[in-house]
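K.L.:
Before anything else, here's the structure in question.
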Amino acid sequence: MDFWGDEQFSFFESILFLALGQTVEVIGTQFLSGGDISTAAQVFSSEGVFFIKWNHAGTALSDTIDMFEAEARGLDLLRQTDALYIPQVIGYGQQLDKSYLILDYIDPGHPDDTYWETLGQSLAVLHSHTQATFGLDFPNYIGSLQQTNTPTASGIDFFFEHRLLPQAGMALYKGLLTKTTYDALFRLRDRLPDLLPNERPALLHGDLWSGNVMVNEHGQPALIDPAVYYGFREADLAHTRLFGGFDQRFYDAYDEAFPLHDGFDERIAIYNLYPLLVHVNLFGSGYVSGVERVLKRF
C-alpha cells in the first residue's frame with residue numbers, strides 16, 4: 001500500500017502547486033483503482049476535483065520515456081482531434097521518488113439514448129486523422145509493456161515488426177511461447193498482404209476495450225488510458241471484440257460513417273493477435289491457446 005494520510009495530502013498539494021502555479025488546499029481524497037502498477041485517487045481541492053495516479057519512479061518503466069509522460073502526450077493527441085471527450089491533462093512529472101499524472105476528473109454518468117451511435121460516429125472521426133507513416137514520433141505503453149512506434153511506410157511491416165514480433169519475442173524469451181508457435185508467426189507474415197486491406201494510417205486509441213471507455217456526466221462517451229499510434233483502423237474495432245464486444249449500434253454507426261472493407265469479421269482474429277500476445281506477457285500462459293488457434297487458422 002502506498003503512503004496515505006497527511007503525507008499523502010502534502011504530496012497532492014505539492015504536485016498540484018507545480019501543475020497550477022498556485023497554492024492548492026486538498027480537502028479530501030477517495031481511493032480508486034489505478035491498475036497493476038499505479039495507485040489512483042479522486043482528489044477534492046480548493047481548485048476543483050482531479051484524478052491523480054502515481055507510482056514509484058522507475059517502476060516498470062524504460063529509460064526512454066516515462067509511462068505517465070507517454071500517456072499525457074497520447075491524451076493530448078486524442079484531445080486535439082475534438083472527436084471525443086478526452087480528460088484534460090493538468091500535469092505530470094516526478095516528485096520525490098514518485099511519478100505522477102494529474103487529469104480532470106470525469107464525473108461518471110449514465111449513457112444517453114444515442115450513446116453507442118455517438119461513440120461509433122466519433123471513433124470514425126478520430127480514425128479520419130492520418131499522417132504519412134504508420135507509428136508515432138515517440139514510444140509509449142500498452143499496460144506496463146512498452147510499444148515501439150518507429151515510423152514505417154508500410155502498415156503490414158509496422159504491424160508485424162512493431163506489434164506482433166516484439167510481443168512474441170518477449171513471450172518466447174519468457175518461455176511462454178514455443179519456438180514452433182513463434183516460427184508460425186513468420187509464416188503468417190508472408191500472408192498478411194493478402195489478408196489485410198491496404199489503408200492509410202489512422203490515429204488509433206490503441207487499447208480500446210470496455211474498461212477504457214467511460215460515460216461522462218452528460219451521458220456521452222469518454223476515452224481514457226490510450227496506447228495511441230497511427231495504424232490500421234480495423235485494429236481498434238477488432239480490439240473492442242476481444243472480450244465480448246460493444247453494442248451493435250456502435251458498429252453500425254461506425255460503418256455508416258466510415259465504411260469498412262468487406263470481410264472485416266474474418267480479419268478480427270488477425271488484429272487481435274497483438275492484444276492476445278500482450279495478455280500472454282502480462283498475465284501468463286492462459287492466453288497462449290488463443291494465439292495458437294489464430295496462427296493455426298491462418
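So you can find residues: chains in the C-alpha cells are A, B, ... in the order shown, residues in each start at 1, and ligands are numbered from 1 in order.
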At a cut-off of 9 Å, using only C-alpha atoms, what residues contact Ile27 in chain A? Leave out same-chain residues fewer than 3 positions from it and give the result as a list in words.

P.N.:
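Result of the neighbour search: Phe9, Val43, Phe44, Ser45 and Ser46 of chain A.
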
K.L.:
Pull C-alpha atoms from the residues just selected and write them as a PDB file, in the first residue's frame.

P.N.:
```
ATOM      1  CA  PHE A   9      -2.182  15.315   1.283  1.00  0.00           C
ATOM      2  CA  VAL A  43      -8.749  14.398  -5.114  1.00  0.00           C
ATOM      3  CA  PHE A  44     -11.069  17.166  -3.883  1.00  0.00           C
ATOM      4  CA  SER A  45      -9.344  20.517  -3.619  1.00  0.00           C
ATOM      5  CA  SER A  46      -9.870  24.260  -3.401  1.00  0.00           C
TER       6      SER A  46
END
```

K.L.:
I want to know what sits within 10 Å of range 98-110 of chain A, based on only C-alpha atoms, with residues of the same chain fewer than 6 positions away left out; could you give that as an MDAnalysis selection string?

P.N.:
chainID A and resid 11:12 15:16 19 38:44 48:59 66:69 71:72 75 85:92 214:222 224

K.L.:
Can you write out the residues you just picked, keeping C-alpha atoms, as a short mmCIF file (atom, residue, chain, number, x, y, z; two decimals), in the first residue's frame?

P.N.:
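See part.cif below for the written result:
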```cif
data_model
loop_
_atom_site.label_atom_id
_atom_site.label_comp_id
_atom_site.auth_asym_id
_atom_site.auth_seq_id
_atom_site.Cartn_x
_atom_site.Cartn_y
_atom_site.Cartn_z
CA PHE A 11 2.18 15.14 -1.90
CA PHE A 12 -1.06 16.07 -3.67
CA ILE A 15 2.18 18.40 -7.33
CA LEU A 16 -0.99 20.48 -7.80
CA ALA A 19 0.86 21.97 -12.18
CA SER A 38 -0.14 2.51 -10.16
CA THR A 39 -2.24 3.90 -7.34
CA ALA A 40 -5.02 6.37 -8.10
CA ALA A 41 -7.30 8.75 -6.24
CA GLN A 42 -10.07 11.24 -6.76
CA VAL A 43 -8.75 14.40 -5.11
CA PHE A 44 -11.07 17.17 -3.88
CA GLY A 48 -11.64 21.58 -8.17
CA VAL A 49 -11.71 17.80 -8.39
CA PHE A 50 -8.82 15.93 -10.02
CA PHE A 51 -7.90 12.37 -10.94
CA ILE A 52 -4.34 11.64 -9.83
CA LYS A 53 -2.39 8.43 -10.30
CA TRP A 54 1.17 7.70 -9.30
CA ASN A 55 3.78 5.02 -8.86
CA HIS A 56 7.35 4.78 -7.68
CA ALA A 57 9.58 6.48 -10.23
CA GLY A 58 11.20 3.83 -12.39
CA THR A 59 8.55 1.18 -11.71
CA ASP A 66 8.16 7.82 -18.55
CA MET A 67 4.85 5.99 -18.63
CA PHE A 68 2.84 9.00 -17.48
CA GLU A 69 4.55 11.35 -19.92
CA GLU A 71 0.04 8.75 -21.51
CA ALA A 72 -0.21 12.52 -21.22
CA LEU A 75 -4.29 12.02 -24.33
CA TYR A 85 -14.39 13.69 -24.81
CA ILE A 86 -10.84 13.18 -23.53
CA PRO A 87 -9.84 14.24 -20.00
CA GLN A 88 -7.57 17.27 -19.95
CA VAL A 89 -4.00 16.74 -18.77
CA ILE A 90 -3.33 19.06 -15.84
CA GLY A 91 0.23 17.97 -15.20
CA TYR A 92 2.71 15.12 -14.94
CA MET A 214 -16.41 5.80 -19.76
CA VAL A 215 -19.74 7.60 -19.67
CA ASN A 216 -19.34 11.21 -18.58
CA GLU A 217 -21.86 13.23 -16.59
CA HIS A 218 -23.63 14.27 -19.81
CA GLY A 219 -24.19 10.66 -20.85
CA GLN A 220 -21.60 10.83 -23.62
CA PRO A 221 -18.58 8.54 -24.21
CA ALA A 222 -15.14 9.47 -22.93
CA ILE A 224 -9.07 7.09 -21.11
#
```

K.L.:
May I have all residues of range 15-195 of chain A that DSSP, computed from the backbone, assigns to alpha helix (DSSP H), given as number ranges by chain?

P.N.:
A: 15-20, 67-79, 115-127, 155-159, 165-173, 179-195

K.L.:
Got a sec: who's within 7 Å of Gln121 in chain A, counting only C-alpha atoms, leaving out chain neighbours fewer than 2 positions off, as a list in words?

P.N.:
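Neighbouring residues, sequence-local ones excluded: Glu117, Thr118, Leu119, Leu123, Ala124, Val125, Ala253, Tyr254 and Ala257 of chain A.
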
K.L.:
Restricting it to C-alpha atoms, dump the selection as an mmCIF file, in the first residue's frame.

P.N.:
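Here's the written file result39.cif:
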```cif
data_model
loop_
_atom_site.group_PDB
_atom_site.id
_atom_site.type_symbol
_atom_site.label_atom_id
_atom_site.label_comp_id
_atom_site.auth_asym_id
_atom_site.auth_seq_id
_atom_site.Cartn_x
_atom_site.Cartn_y
_atom_site.Cartn_z
ATOM 1 C CA GLU A 117 -24.190 5.814 -32.048
ATOM 2 C CA THR A 118 -22.153 8.772 -30.808
ATOM 3 C CA LEU A 119 -19.257 6.506 -29.883
ATOM 4 C CA LEU A 123 -14.412 6.938 -33.428
ATOM 5 C CA ALA A 124 -14.835 7.217 -37.199
ATOM 6 C CA VAL A 125 -13.911 10.910 -36.923
ATOM 7 C CA ALA A 253 -22.862 3.791 -36.706
ATOM 8 C CA TYR A 254 -19.142 3.469 -37.365
ATOM 9 C CA ALA A 257 -19.776 6.999 -41.082
#
```

K.L.:
May I have the residues within 9 Å of Ala70 in chain A as a list in words, using only C-alpha atoms and disregarding those fewer than 3 positions away in the same chain?

P.N.:
Ile65, Asp66, Met67, Arg73, Gly74, Leu75, Phe138, Pro139, Asn140, Tyr141 and Ala227 of chain A

K.L.:
Kindly export the residues of the current selection with N, CA and C atoms, as a PDB file, in the first residue's frame.

P.N.:
```
ATOM      1  N   ILE A  65      11.137   6.835 -22.100  1.00  0.00           N
ATOM      2  CA  ILE A  65      10.062   7.773 -21.814  1.00  0.00           C
ATOM      3  C   ILE A  65       9.295   7.270 -20.608  1.00  0.00           C
ATOM      4  N   ASP A  66       8.938   8.178 -19.729  1.00  0.00           N
ATOM      5  CA  ASP A  66       8.158   7.824 -18.553  1.00  0.00           C
ATOM      6  C   ASP A  66       6.742   7.435 -18.969  1.00  0.00           C
ATOM      7  N   MET A  67       6.182   6.477 -18.289  1.00  0.00           N
ATOM      8  CA  MET A  67       4.854   5.991 -18.625  1.00  0.00           C
ATOM      9  C   MET A  67       3.812   7.095 -18.612  1.00  0.00           C
ATOM     10  N   ARG A  73       0.945  12.626 -23.349  1.00  0.00           N
ATOM     11  CA  ARG A  73       1.102  13.026 -24.749  1.00  0.00           C
ATOM     12  C   ARG A  73       0.058  12.345 -25.632  1.00  0.00           C
ATOM     13  N   GLY A  74      -0.272  11.100 -25.307  1.00  0.00           N
ATOM     14  CA  GLY A  74      -1.306  10.396 -26.058  1.00  0.00           C
ATOM     15  C   GLY A  74      -2.679  11.022 -25.852  1.00  0.00           C
ATOM     16  N   LEU A  75      -3.018  11.367 -24.615  1.00  0.00           N
ATOM     17  CA  LEU A  75      -4.291  12.024 -24.332  1.00  0.00           C
ATOM     18  C   LEU A  75      -4.385  13.363 -25.053  1.00  0.00           C
ATOM     19  N   PHE A 138       6.970   9.074 -30.860  1.00  0.00           N
ATOM     20  CA  PHE A 138       7.509   8.730 -29.539  1.00  0.00           C
ATOM     21  C   PHE A 138       6.989   7.349 -29.145  1.00  0.00           C
ATOM     22  N   PRO A 139       7.759   6.598 -28.361  1.00  0.00           N
ATOM     23  CA  PRO A 139       7.272   5.304 -27.871  1.00  0.00           C
ATOM     24  C   PRO A 139       6.262   5.517 -26.756  1.00  0.00           C
ATOM     25  N   ASN A 140       5.455   4.502 -26.485  1.00  0.00           N
ATOM     26  CA  ASN A 140       4.522   4.597 -25.362  1.00  0.00           C
ATOM     27  C   ASN A 140       4.276   3.200 -24.804  1.00  0.00           C
ATOM     28  N   TYR A 141       3.157   3.012 -24.141  1.00  0.00           N
ATOM     29  CA  TYR A 141       2.916   1.762 -23.417  1.00  0.00           C
ATOM     30  C   TYR A 141       1.529   1.236 -23.692  1.00  0.00           C
ATOM     31  N   ALA A 227      -3.197   3.997 -25.820  1.00  0.00           N
ATOM     32  CA  ALA A 227      -1.889   3.499 -26.267  1.00  0.00           C
ATOM     33  C   ALA A 227      -1.749   3.922 -27.731  1.00  0.00           C
TER      34      ALA A 227
END
```
